[in-house]
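This report refers to the structure that appears directly beneath it.
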Amino acid sequence: MASKLIQRTADALDGYLFDGMSIMSGGFGVCGIPENLIAAIREHGVRDLTVISNNCGIDGFGLGILLESGQIKKMVSSYVGENKLFEQLYLSGKLELEFNPQGTLAERIRAGGAGIPAFFTKTGVGTLVAEGKEVREFDGELYVMERGLVADLSIVKAHKGDAEGNLVYRKTARNFNPMMATAGRKTVAEVEVLVEIGGLDKDNIHTPGIFVDRLLKGAHYEKRIERTTTRPRAEAGANA
Amino acid sequence: MAWTREEMAARAAQELRDGFYVNLGIGIPTLVANYIPAGMHVTLQSENGMLGMGPFPYEGEEDADLINAGKQTITELDSSSYFSSADSFGMIRGGHIALSILGGMQVAENGDLANWMVPGKMVKGMGGAMDLVAGVKRVVVVMDHVEKSGAPKFLKACTLPLTGLGVVDLLITDLGVFDVARGKAPVRLTALAPGVTVEEVKAKTEAAFAVDLAGA
């Protein structure tokens, strides 16, 4: 078997990209996003993308750079309020947008990866989100049918990984990454720390390697923070 | 005197109970964390994938991998746990969270809530709000009583796209507190901010409500 481990960023998506494809991209805001693989998509220039991601980055960073380059045709997201360019493109009709409630989006991806074509949820019943969808009563309550979701490619970011494709995420950078890893026809993961086979605790692997086709050690991480919020040090003394 | 943002948050904190798992929305609801009564154990959920949110970090100790649902840097506690967004919304949708406190654009007397979009003007999205109001056992909305224009926000029927139907249990505004009861019983005004009169509230409210200031 050929190694899953890819040495160069430029090779990580080789043969996986085509115009009009769908791509799932992990992360919440710009926390836990596959920075290096997003840059590789920009570098490649593939167009008319449908991108499934909870958010669309921020102006100039994360998926925001694919908005700037005009490579995204449609976004499937739950919240895009951090991105001025997004709003301009959408309101001027240059970008399609499908809003999914965050939990519905997460579950659609989980279901897609697990071979479940549809499920029923209370979320969104009676709202715009349920328009055109089957609504069914279970035990006296109404539920709307949502479809499982898969993509041509998933790009995810983990903290640690090994050449087998086993992944471990860190803190809230986990977010959508584990489900997306399962729901890509091809999945490419990037990691901050590459460990030797055997270097991960086998009882605490978040994404088993079966879901990962290729693994890249990210060449560089900027890891921007959207909203730095701190408390004054004096508070520690005051509360002590 | 209408309540300030801090006073509204303090009033919302009275809805907390010992042992509760709670989700706090962005804005005034986030401030509720500052008013958890001493000795009460409340676990804060952040829907991006964490239970046991700690306070904001000290300057220089921010961690890009550790943020809340408002994308603010936070810290962990010894008791914290991390999980995926699917597990997180399993907790929410599955009814495991006791209380959700979130902001609103409009609330209706039938318990409907609108808080995610203004057609043609504002494109932000619902984030986790639709899941929270659909799945959490008790939903408290905290919002200004009227628009900046003075137009009422507590209405007979919402005019903006809905977040959920018949989902609001309690509404806290800068003028008072309303038991909305998910529209299953007539709305009751149960508390007034200091110096605010029932007449003032009536003048600024489209929704019908009974006055029950002793019955809170």
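Letters for chains follow the order of the structure tokens (A, B, ...), residue numbers begin at 1 for each chain, and ligand numbers begin at 1 in the order shown.
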Contacts of chain B with chain A up to 6 Å, shortest pair per row, only C-alpha atoms, as a tab-separated table:
residue	atom	partner	partner_atom	distance
B:Asn48	CA	A:Asn175	CA	5.7
B:Gly49	CA	A:Thr172	CA	5.8
B:Phe56	CA	A:Thr230	CA	5.0
B:Pro57	CA	A:Thr230	CA	5.0
B:Tyr58	CA	A:Thr230	CA	5.2
B:Glu59	CA	A:Thr230	CA	5.4
B:Ala64	CA	A:Ile225	CA	5.5
B:Asp65	CA	A:Ala173	CA	5.0
B:Leu66	CA	A:Thr172	CA	5.2
B:Lys71	CA	A:Arg227	CA	5.8
B:Gln72	CA	A:Arg227	CA	4.7
B:Thr73	CA	A:Thr229	CA	5.3
B:Tyr82	CA	A:Lys171	CA	5.8
B:Ser84	CA	A:Asn175	CA	4.6
B:Ser85	CA	A:Asn175	CA	4.8
B:Ala86	CA	A:Ala106	CA	5.0
B:Phe89	CA	A:Gly103	CA	5.0
B:Lys124	CA	A:Gly81	CA	4.1
B:Gly125	CA	A:Tyr79	CA	4.3
B:Met126	CA	A:Ser78	CA	6.0
B:Gly127	CA	A:Ser78	CA	4.6
B:Gly128	CA	A:Gln102	CA	4.7
B:Met130	CA	A:Thr123	CA	5.7
B:Asp131	CA	A:Thr123	CA	5.0
B:Ala134	CA	A:Thr123	CA	5.2
B:Leu162	CA	A:Thr127	CA	5.5
Using DSSP assignments from the backbone, pull out every residue in segment 32-127 of chain B that falls under helix (DSSP H, G or I) and give it to me as a list in words.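 Result set for segment 32-127 of chain B (helix (DSSP H, G or I)): Val32, Ala33, Asn34, Tyr35, Ser85, Ala86, Asp87, Ser88, Phe89, Gly90, Met91, Ile92 and Arg93 of chain B.
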Resulting file, chosen residues, C-alpha atoms, as a short mmCIF file (atom, residue, chain, number, x, y, z; two decimals), in the first residue's frame:
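Below is the file that was written, part-v8.cif:
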data_model
loop_
_atom_site.label_atom_id
_atom_site.label_comp_id
_atom_site.auth_asym_id
_atom_site.auth_seq_id
_atom_site.Cartn_x
_atom_site.Cartn_y
_atom_site.Cartn_z
CA VAL B 32 -24.99 35.91 32.86
CA ALA B 33 -21.87 33.89 33.68
CA ASN B 34 -20.74 36.79 35.90
CA TYR B 35 -23.84 36.44 38.10
CA SER B 85 -20.06 19.54 17.08
CA ALA B 86 -22.22 16.46 16.40
CA ASP B 87 -21.92 15.30 20.01
CA SER B 88 -22.51 18.87 21.17
CA PHE B 89 -25.76 19.20 19.29
CA GLY B 90 -26.73 15.70 20.36
CA MET B 91 -26.69 17.11 23.90
CA ILE B 92 -28.77 20.07 22.78
CA ARG B 93 -31.25 18.32 20.50
#
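Take atom CA of Val156 of chain A and atom CA of Ile58 of chain A: the distance between them is 17.7 Å.
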With only C-alpha atoms as the atoms that count, which of A:Glu164, A:Glu192, A:Glu134, A:Asp48 lies nearest to Gly218 of chain A? A:Glu192
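The spacing separating atom CA of Val118 of chain B from atom CA of Gly104 of chain B amounts to 12.2 Å.
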Please indicate the distance in Å from atom CA of Glu147 of chain B to atom CA of Asn115 of chain B, rounded to one decimal place.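 Value for the atom CA of Glu147 of chain B-atom CA of Asn115 of chain B distance: 13.1 Å.
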Can you tell me which residues surround segment 10-25 of chain A at a distance of at most 6 Å, considering only C-alpha atoms, apart from same-chain residues fewer than 6 positions away, and format the answer as a list in words?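 What passes the distance filter is Val46, Arg47, Asp48, Leu49, Thr50, Val51, Ile52, Ser53, Ala151, Asp152, Leu153, Ser154 and Ile155 of chain A.
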Save the residues we just selected, N, CA and C atoms, as a PDB file, in the first residue's frame?
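Produced file out.pdb, reproduced below:
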ATOM      1  N   VAL A  46      -8.862  25.746  -8.727  1.00  0.00           N
ATOM      2  CA  VAL A  46     -10.114  25.040  -9.042  1.00  0.00           C
ATOM      3  C   VAL A  46     -11.308  25.953  -8.742  1.00  0.00           C
ATOM      4  N   ARG A  47     -12.366  25.868  -9.594  1.00  0.00           N
ATOM      5  CA  ARG A  47     -13.438  26.862  -9.511  1.00  0.00           C
ATOM      6  C   ARG A  47     -14.823  26.228  -9.313  1.00  0.00           C
ATOM      7  N   ASP A  48     -15.803  27.134  -9.167  1.00  0.00           N
ATOM      8  CA  ASP A  48     -17.219  26.748  -9.028  1.00  0.00           C
ATOM      9  C   ASP A  48     -17.428  25.747  -7.902  1.00  0.00           C
ATOM     10  N   LEU A  49     -16.789  26.002  -6.792  1.00  0.00           N
ATOM     11  CA  LEU A  49     -16.836  25.080  -5.663  1.00  0.00           C
ATOM     12  C   LEU A  49     -18.106  25.262  -4.845  1.00  0.00           C
ATOM     13  N   THR A  50     -18.675  24.156  -4.390  1.00  0.00           N
ATOM     14  CA  THR A  50     -19.661  24.193  -3.314  1.00  0.00           C
ATOM     15  C   THR A  50     -18.901  23.832  -2.051  1.00  0.00           C
ATOM     16  N   VAL A  51     -18.836  24.763  -1.116  1.00  0.00           N
ATOM     17  CA  VAL A  51     -18.061  24.535   0.097  1.00  0.00           C
ATOM     18  C   VAL A  51     -19.008  24.387   1.287  1.00  0.00           C
ATOM     19  N   ILE A  52     -18.843  23.280   1.989  1.00  0.00           N
ATOM     20  CA  ILE A  52     -19.645  22.987   3.173  1.00  0.00           C
ATOM     21  C   ILE A  52     -18.756  23.233   4.382  1.00  0.00           C
ATOM     22  N   SER A  53     -19.094  24.256   5.143  1.00  0.00           N
ATOM     23  CA  SER A  53     -18.286  24.612   6.302  1.00  0.00           C
ATOM     24  C   SER A  53     -19.148  25.457   7.219  1.00  0.00           C
ATOM     25  N   ALA A 151     -19.404  14.751   0.534  1.00  0.00           N
ATOM     26  CA  ALA A 151     -18.754  15.688  -0.378  1.00  0.00           C
ATOM     27  C   ALA A 151     -17.708  14.955  -1.204  1.00  0.00           C
ATOM     28  N   ASP A 152     -17.339  15.569  -2.325  1.00  0.00           N
ATOM     29  CA  ASP A 152     -16.290  14.972  -3.156  1.00  0.00           C
ATOM     30  C   ASP A 152     -14.968  14.903  -2.396  1.00  0.00           C
ATOM     31  N   LEU A 153     -14.746  15.915  -1.543  1.00  0.00           N
ATOM     32  CA  LEU A 153     -13.483  15.984  -0.805  1.00  0.00           C
ATOM     33  C   LEU A 153     -13.743  16.608   0.560  1.00  0.00           C
ATOM     34  N   SER A 154     -13.121  16.048   1.588  1.00  0.00           N
ATOM     35  CA  SER A 154     -13.110  16.701   2.902  1.00  0.00           C
ATOM     36  C   SER A 154     -11.680  17.077   3.236  1.00  0.00           C
ATOM     37  N   ILE A 155     -11.506  18.296   3.718  1.00  0.00           N
ATOM     38  CA  ILE A 155     -10.195  18.705   4.233  1.00  0.00           C
ATOM     39  C   ILE A 155     -10.373  19.027   5.710  1.00  0.00           C
TER      40      ILE A 155
END
Selection near Asp144 of chain B, 10 Å with only C-alpha atoms, sequence-local residues under 6 positions removed, as a JSON list (two decimals) with N, CA, C and O atoms, in the first residue's frame:
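out.json was written with the following content:
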[["chain", "number", "residue", "atom", "x", "y", "z"],
["B", 2, "ALA", "N", -35.03, 51.96, 33.27],
["B", 2, "ALA", "CA", -34.92, 50.63, 32.64],
["B", 2, "ALA", "C", -33.67, 49.93, 33.16],
["B", 2, "ALA", "O", -32.72, 50.58, 33.58],
["B", 3, "TRP", "N", -33.69, 48.60, 33.10],
["B", 3, "TRP", "CA", -32.51, 47.84, 33.50],
["B", 3, "TRP", "C", -31.39, 48.03, 32.48],
["B", 3, "TRP", "O", -31.63, 48.13, 31.27],
["B", 4, "THR", "N", -30.16, 48.02, 32.97],
["B", 4, "THR", "CA", -28.99, 48.02, 32.09],
["B", 4, "THR", "C", -28.75, 46.61, 31.58],
["B", 4, "THR", "O", -29.39, 45.65, 32.04],
["B", 5, "ARG", "N", -27.81, 46.47, 30.67],
["B", 5, "ARG", "CA", -27.43, 45.13, 30.16],
["B", 5, "ARG", "C", -27.01, 44.23, 31.33],
["B", 5, "ARG", "O", -27.39, 43.06, 31.40],
["B", 8, "MET", "N", -30.00, 43.20, 33.37],
["B", 8, "MET", "CA", -30.78, 42.17, 32.67],
["B", 8, "MET", "C", -30.09, 40.79, 32.83],
["B", 8, "MET", "O", -30.76, 39.78, 33.04],
["B", 103, "GLY", "N", -30.34, 35.75, 22.90],
["B", 103, "GLY", "CA", -30.85, 37.06, 22.49],
["B", 103, "GLY", "C", -31.99, 36.92, 21.50],
["B", 103, "GLY", "O", -32.24, 35.84, 20.97],
["B", 104, "GLY", "N", -32.70, 38.02, 21.26],
["B", 104, "GLY", "CA", -33.82, 37.97, 20.33],
["B", 104, "GLY", "C", -33.96, 39.26, 19.55],
["B", 104, "GLY", "O", -33.51, 40.31, 19.99],
["B", 105, "MET", "N", -34.54, 39.14, 18.36],
["B", 105, "MET", "CA", -34.94, 40.33, 17.59],
["B", 105, "MET", "C", -36.42, 40.61, 17.81],
["B", 105, "MET", "O", -36.82, 41.74, 17.97],
["B", 106, "GLN", "N", -37.22, 39.53, 17.79],
["B", 106, "GLN", "CA", -38.65, 39.64, 18.06],
["B", 106, "GLN", "C", -39.12, 38.40, 18.83],
["B", 106, "GLN", "O", -38.65, 37.29, 18.57],
["B", 152, "PRO", "N", -42.05, 48.30, 18.75],
["B", 152, "PRO", "CA", -42.06, 47.17, 19.70],
["B", 152, "PRO", "C", -41.42, 45.92, 19.10],
["B", 152, "PRO", "O", -41.44, 45.70, 17.90],
["B", 153, "LYS", "N", -40.84, 45.09, 20.00],
["B", 153, "LYS", "CA", -40.24, 43.82, 19.60],
["B", 153, "LYS", "C", -40.98, 42.63, 20.19],
["B", 153, "LYS", "O", -40.76, 41.50, 19.79],
["B", 154, "PHE", "N", -41.83, 42.93, 21.19],
["B", 154, "PHE", "CA", -42.68, 41.88, 21.78],
["B", 154, "PHE", "C", -44.05, 42.04, 21.13],
["B", 154, "PHE", "O", -44.78, 42.98, 21.43],
["B", 172, "ILE", "N", -37.02, 38.37, 29.17],
["B", 172, "ILE", "CA", -36.51, 39.42, 30.04],
["B", 172, "ILE", "C", -36.10, 40.59, 29.15],
["B", 172, "ILE", "O", -35.27, 40.43, 28.25],
["B", 173, "THR", "N", -36.70, 41.76, 29.36],
["B", 173, "THR", "CA", -36.31, 42.95, 28.60],
["B", 173, "THR", "C", -35.78, 43.98, 29.59],
["B", 173, "THR", "O", -35.74, 43.75, 30.80],
["B", 174, "ASP", "N", -35.38, 45.13, 29.06],
["B", 174, "ASP", "CA", -34.90, 46.18, 29.96],
["B", 174, "ASP", "C", -36.03, 46.79, 30.78],
["B", 174, "ASP", "O", -35.77, 47.51, 31.74],
["B", 175, "LEU", "N", -37.28, 46.47, 30.43],
["B", 175, "LEU", "CA", -38.42, 47.03, 31.18],
["B", 175, "LEU", "C", -39.04, 46.06, 32.17],
["B", 175, "LEU", "O", -39.64, 46.50, 33.16],
["B", 176, "GLY", "N", -38.92, 44.76, 31.90],
["B", 176, "GLY", "CA", -39.57, 43.82, 32.81],
["B", 176, "GLY", "C", -39.38, 42.38, 32.40],
["B", 176, "GLY", "O", -38.61, 42.06, 31.49]]
Among segment 13-44 of chain A, which ones does DSSP assign to strand (DSSP E) (computed from the backbone)? Answer as a PDB file with N, CA, C and O atoms, in the first residue's frame.
ATOM      1  N   SER A  22     -17.699  19.496  -4.724  1.00  0.00           N
ATOM      2  CA  SER A  22     -18.077  19.899  -3.369  1.00  0.00           C
ATOM      3  C   SER A  22     -16.942  19.573  -2.405  1.00  0.00           C
ATOM      4  O   SER A  22     -16.296  18.528  -2.536  1.00  0.00           O
ATOM      5  N   ILE A  23     -16.706  20.493  -1.487  1.00  0.00           N
ATOM      6  CA  ILE A  23     -15.615  20.328  -0.519  1.00  0.00           C
ATOM      7  C   ILE A  23     -16.123  20.638   0.879  1.00  0.00           C
ATOM      8  O   ILE A  23     -16.716  21.697   1.108  1.00  0.00           O
ATOM      9  N   MET A  24     -15.919  19.707   1.809  1.00  0.00           N
ATOM     10  CA  MET A  24     -16.163  19.998   3.227  1.00  0.00           C
ATOM     11  C   MET A  24     -14.867  20.490   3.842  1.00  0.00           C
ATOM     12  O   MET A  24     -13.810  19.896   3.610  1.00  0.00           O
ATOM     13  N   SER A  25     -14.978  21.555   4.632  1.00  0.00           N
ATOM     14  CA  SER A  25     -13.780  22.135   5.237  1.00  0.00           C
ATOM     15  C   SER A  25     -14.022  22.311   6.729  1.00  0.00           C
ATOM     16  O   SER A  25     -14.931  23.034   7.148  1.00  0.00           O
TER      17      SER A  25
END
Just want the 12 Å neighbourhood of Arg8 of chain A, counted on only C-alpha atoms, with same-chain residues fewer than 5 positions away dropped. Output as a list in words. Leu13, Asp14, Asn36, Leu37, Ala40, Glu190, Arg214, Leu215, Leu216, Lys217, Gly218, Ala219 and His220 of chain A
Neighbours of segment 108-112 of chain B within 8 Å (only C-alpha atoms; same-chain residues fewer than 3 positions away dropped), as an NGL selection string? :B and (154-158 or 162-169 or 180-184 or 186-187 or 207-209)
Please produce a file of those selected residues containing all heavy atoms, as a compact mmCIF listing (two decimals), in the first residue's frame.
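Here's the written file out_24.txt:
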# COMPACT_ATOMS: atom_id res chain seq x y z
N PHE B 154 -41.83 42.93 21.19
CA PHE B 154 -42.68 41.88 21.78
C PHE B 154 -44.05 42.04 21.13
O PHE B 154 -44.78 42.98 21.43
CB PHE B 154 -42.73 42.04 23.29
CG PHE B 154 -43.43 40.91 24.01
CD1 PHE B 154 -43.57 39.66 23.44
CD2 PHE B 154 -43.93 41.10 25.30
CE1 PHE B 154 -44.21 38.62 24.11
CE2 PHE B 154 -44.56 40.08 25.98
CZ PHE B 154 -44.71 38.84 25.38
N LEU B 155 -44.38 41.12 20.22
CA LEU B 155 -45.45 41.31 19.24
C LEU B 155 -46.56 40.28 19.37
O LEU B 155 -46.42 39.28 20.07
CB LEU B 155 -44.85 41.21 17.83
CG LEU B 155 -43.66 42.13 17.53
CD1 LEU B 155 -43.03 41.74 16.19
CD2 LEU B 155 -44.08 43.59 17.53
N LYS B 156 -47.65 40.54 18.65
CA LYS B 156 -48.71 39.53 18.53
C LYS B 156 -48.21 38.38 17.66
O LYS B 156 -48.48 37.21 17.95
CB LYS B 156 -49.96 40.15 17.90
CG LYS B 156 -50.64 41.16 18.81
CD LYS B 156 -52.11 41.34 18.46
CE LYS B 156 -52.81 42.21 19.50
NZ LYS B 156 -52.71 41.61 20.86
N ALA B 157 -47.50 38.72 16.61
CA ALA B 157 -46.90 37.70 15.73
C ALA B 157 -45.59 38.26 15.19
O ALA B 157 -45.53 39.43 14.84
CB ALA B 157 -47.85 37.36 14.59
N CYS B 158 -44.57 37.43 15.12
CA CYS B 158 -43.28 37.89 14.59
C CYS B 158 -43.42 38.21 13.11
O CYS B 158 -44.15 37.52 12.38
CB CYS B 158 -42.22 36.81 14.77
SG CYS B 158 -41.78 36.49 16.49
N LEU B 162 -38.75 33.10 11.39
CA LEU B 162 -38.71 32.53 12.73
C LEU B 162 -37.47 31.67 12.99
O LEU B 162 -36.92 31.07 12.07
CB LEU B 162 -39.96 31.66 12.96
CG LEU B 162 -41.30 32.39 12.96
CD1 LEU B 162 -42.44 31.39 13.14
CD2 LEU B 162 -41.33 33.45 14.04
N THR B 163 -37.10 31.63 14.25
CA THR B 163 -36.07 30.71 14.73
C THR B 163 -36.73 29.44 15.26
O THR B 163 -36.20 28.35 15.13
CB THR B 163 -35.24 31.39 15.83
OG1 THR B 163 -34.74 32.62 15.33
CG2 THR B 163 -34.08 30.51 16.28
N GLY B 164 -37.88 29.62 15.90
CA GLY B 164 -38.64 28.49 16.41
C GLY B 164 -40.07 28.90 16.72
O GLY B 164 -40.34 30.08 16.98
N LEU B 165 -40.97 27.93 16.69
CA LEU B 165 -42.39 28.18 16.96
C LEU B 165 -42.73 27.75 18.39
O LEU B 165 -42.49 26.61 18.76
CB LEU B 165 -43.27 27.33 16.03
CG LEU B 165 -43.64 27.88 14.67
CD1 LEU B 165 -42.42 27.86 13.78
CD2 LEU B 165 -44.75 27.04 14.05
N GLY B 166 -43.30 28.70 19.16
CA GLY B 166 -43.76 28.35 20.51
C GLY B 166 -42.64 27.81 21.37
O GLY B 166 -42.77 26.75 21.98
N VAL B 167 -41.51 28.52 21.41
CA VAL B 167 -40.33 28.00 22.11
C VAL B 167 -39.90 28.83 23.32
O VAL B 167 -39.08 28.38 24.12
CB VAL B 167 -39.12 27.89 21.14
CG1 VAL B 167 -39.40 26.82 20.08
CG2 VAL B 167 -38.80 29.22 20.49
N VAL B 168 -40.46 30.05 23.46
CA VAL B 168 -39.96 30.95 24.51
C VAL B 168 -40.71 30.70 25.82
O VAL B 168 -41.93 30.80 25.87
CB VAL B 168 -40.10 32.43 24.10
CG1 VAL B 168 -39.63 33.35 25.22
CG2 VAL B 168 -39.35 32.70 22.81
N ASP B 169 -39.97 30.36 26.87
CA ASP B 169 -40.58 30.20 28.19
C ASP B 169 -40.65 31.52 28.93
O ASP B 169 -41.64 31.83 29.57
CB ASP B 169 -39.76 29.19 29.02
CG ASP B 169 -39.89 27.78 28.49
OD1 ASP B 169 -40.98 27.20 28.68
OD2 ASP B 169 -38.94 27.28 27.88
N VAL B 180 -43.86 33.76 29.24
CA VAL B 180 -44.47 33.54 27.93
C VAL B 180 -45.02 32.11 27.82
O VAL B 180 -45.95 31.86 27.05
CB VAL B 180 -43.45 33.85 26.81
CG1 VAL B 180 -44.08 33.68 25.42
CG2 VAL B 180 -42.90 35.27 26.96
N ALA B 181 -44.45 31.19 28.58
CA ALA B 181 -44.98 29.82 28.70
C ALA B 181 -45.17 29.13 27.35
O ALA B 181 -46.09 28.35 27.17
CB ALA B 181 -46.29 29.83 29.49
N ARG B 182 -44.28 29.40 26.42
CA ARG B 182 -44.32 28.78 25.08
C ARG B 182 -45.68 28.97 24.40
O ARG B 182 -46.07 28.17 23.55
CB ARG B 182 -43.98 27.28 25.16
CG ARG B 182 -42.62 27.05 25.77
CD ARG B 182 -42.06 25.69 25.52
NE ARG B 182 -40.65 25.71 25.94
CZ ARG B 182 -39.68 25.01 25.38
NH1 ARG B 182 -39.94 24.22 24.38
NH2 ARG B 182 -38.44 25.11 25.80
N GLY B 183 -46.40 30.02 24.80
CA GLY B 183 -47.68 30.29 24.17
C GLY B 183 -48.80 29.38 24.63
O GLY B 183 -49.92 29.43 24.13
N LYS B 184 -48.51 28.54 25.65
CA LYS B 184 -49.52 27.58 26.12
C LYS B 184 -50.47 28.18 27.14
O LYS B 184 -51.48 27.58 27.49
CB LYS B 184 -48.83 26.34 26.71
CG LYS B 184 -48.20 25.48 25.62
CD LYS B 184 -47.40 24.34 26.21
CE LYS B 184 -46.74 23.52 25.09
NZ LYS B 184 -45.61 22.74 25.56
N PRO B 186 -51.82 32.40 28.68
CA PRO B 186 -51.70 33.83 28.41
C PRO B 186 -50.41 34.39 29.04
O PRO B 186 -49.99 33.97 30.11
CB PRO B 186 -52.94 34.42 29.08
CG PRO B 186 -53.91 33.29 29.16
CD PRO B 186 -53.08 32.06 29.34
N VAL B 187 -49.81 35.34 28.35
CA VAL B 187 -48.56 35.95 28.83
C VAL B 187 -48.83 36.75 30.11
O VAL B 187 -49.84 37.45 30.22
CB VAL B 187 -47.97 36.90 27.75
CG1 VAL B 187 -46.74 37.62 28.29
CG2 VAL B 187 -47.64 36.12 26.49
N ALA B 207 -47.77 42.79 22.06
CA ALA B 207 -48.33 41.54 22.58
C ALA B 207 -49.31 41.84 23.72
O ALA B 207 -49.13 42.80 24.47
CB ALA B 207 -47.21 40.64 23.10
N ALA B 208 -50.32 40.99 23.84
CA ALA B 208 -51.25 41.09 24.96
C ALA B 208 -50.64 40.41 26.17
O ALA B 208 -49.96 39.38 26.03
CB ALA B 208 -52.57 40.42 24.59
N PHE B 209 -50.82 40.99 27.36
CA PHE B 209 -50.30 40.34 28.57
C PHE B 209 -51.13 40.73 29.78
O PHE B 209 -51.72 41.81 29.82
CB PHE B 209 -48.83 40.69 28.79
CG PHE B 209 -48.56 42.16 28.99
CD1 PHE B 209 -48.61 42.74 30.26
CD2 PHE B 209 -48.22 42.97 27.91
CE1 PHE B 209 -48.36 44.09 30.44
CE2 PHE B 209 -47.97 44.32 28.09
CZ PHE B 209 -48.03 44.89 29.35
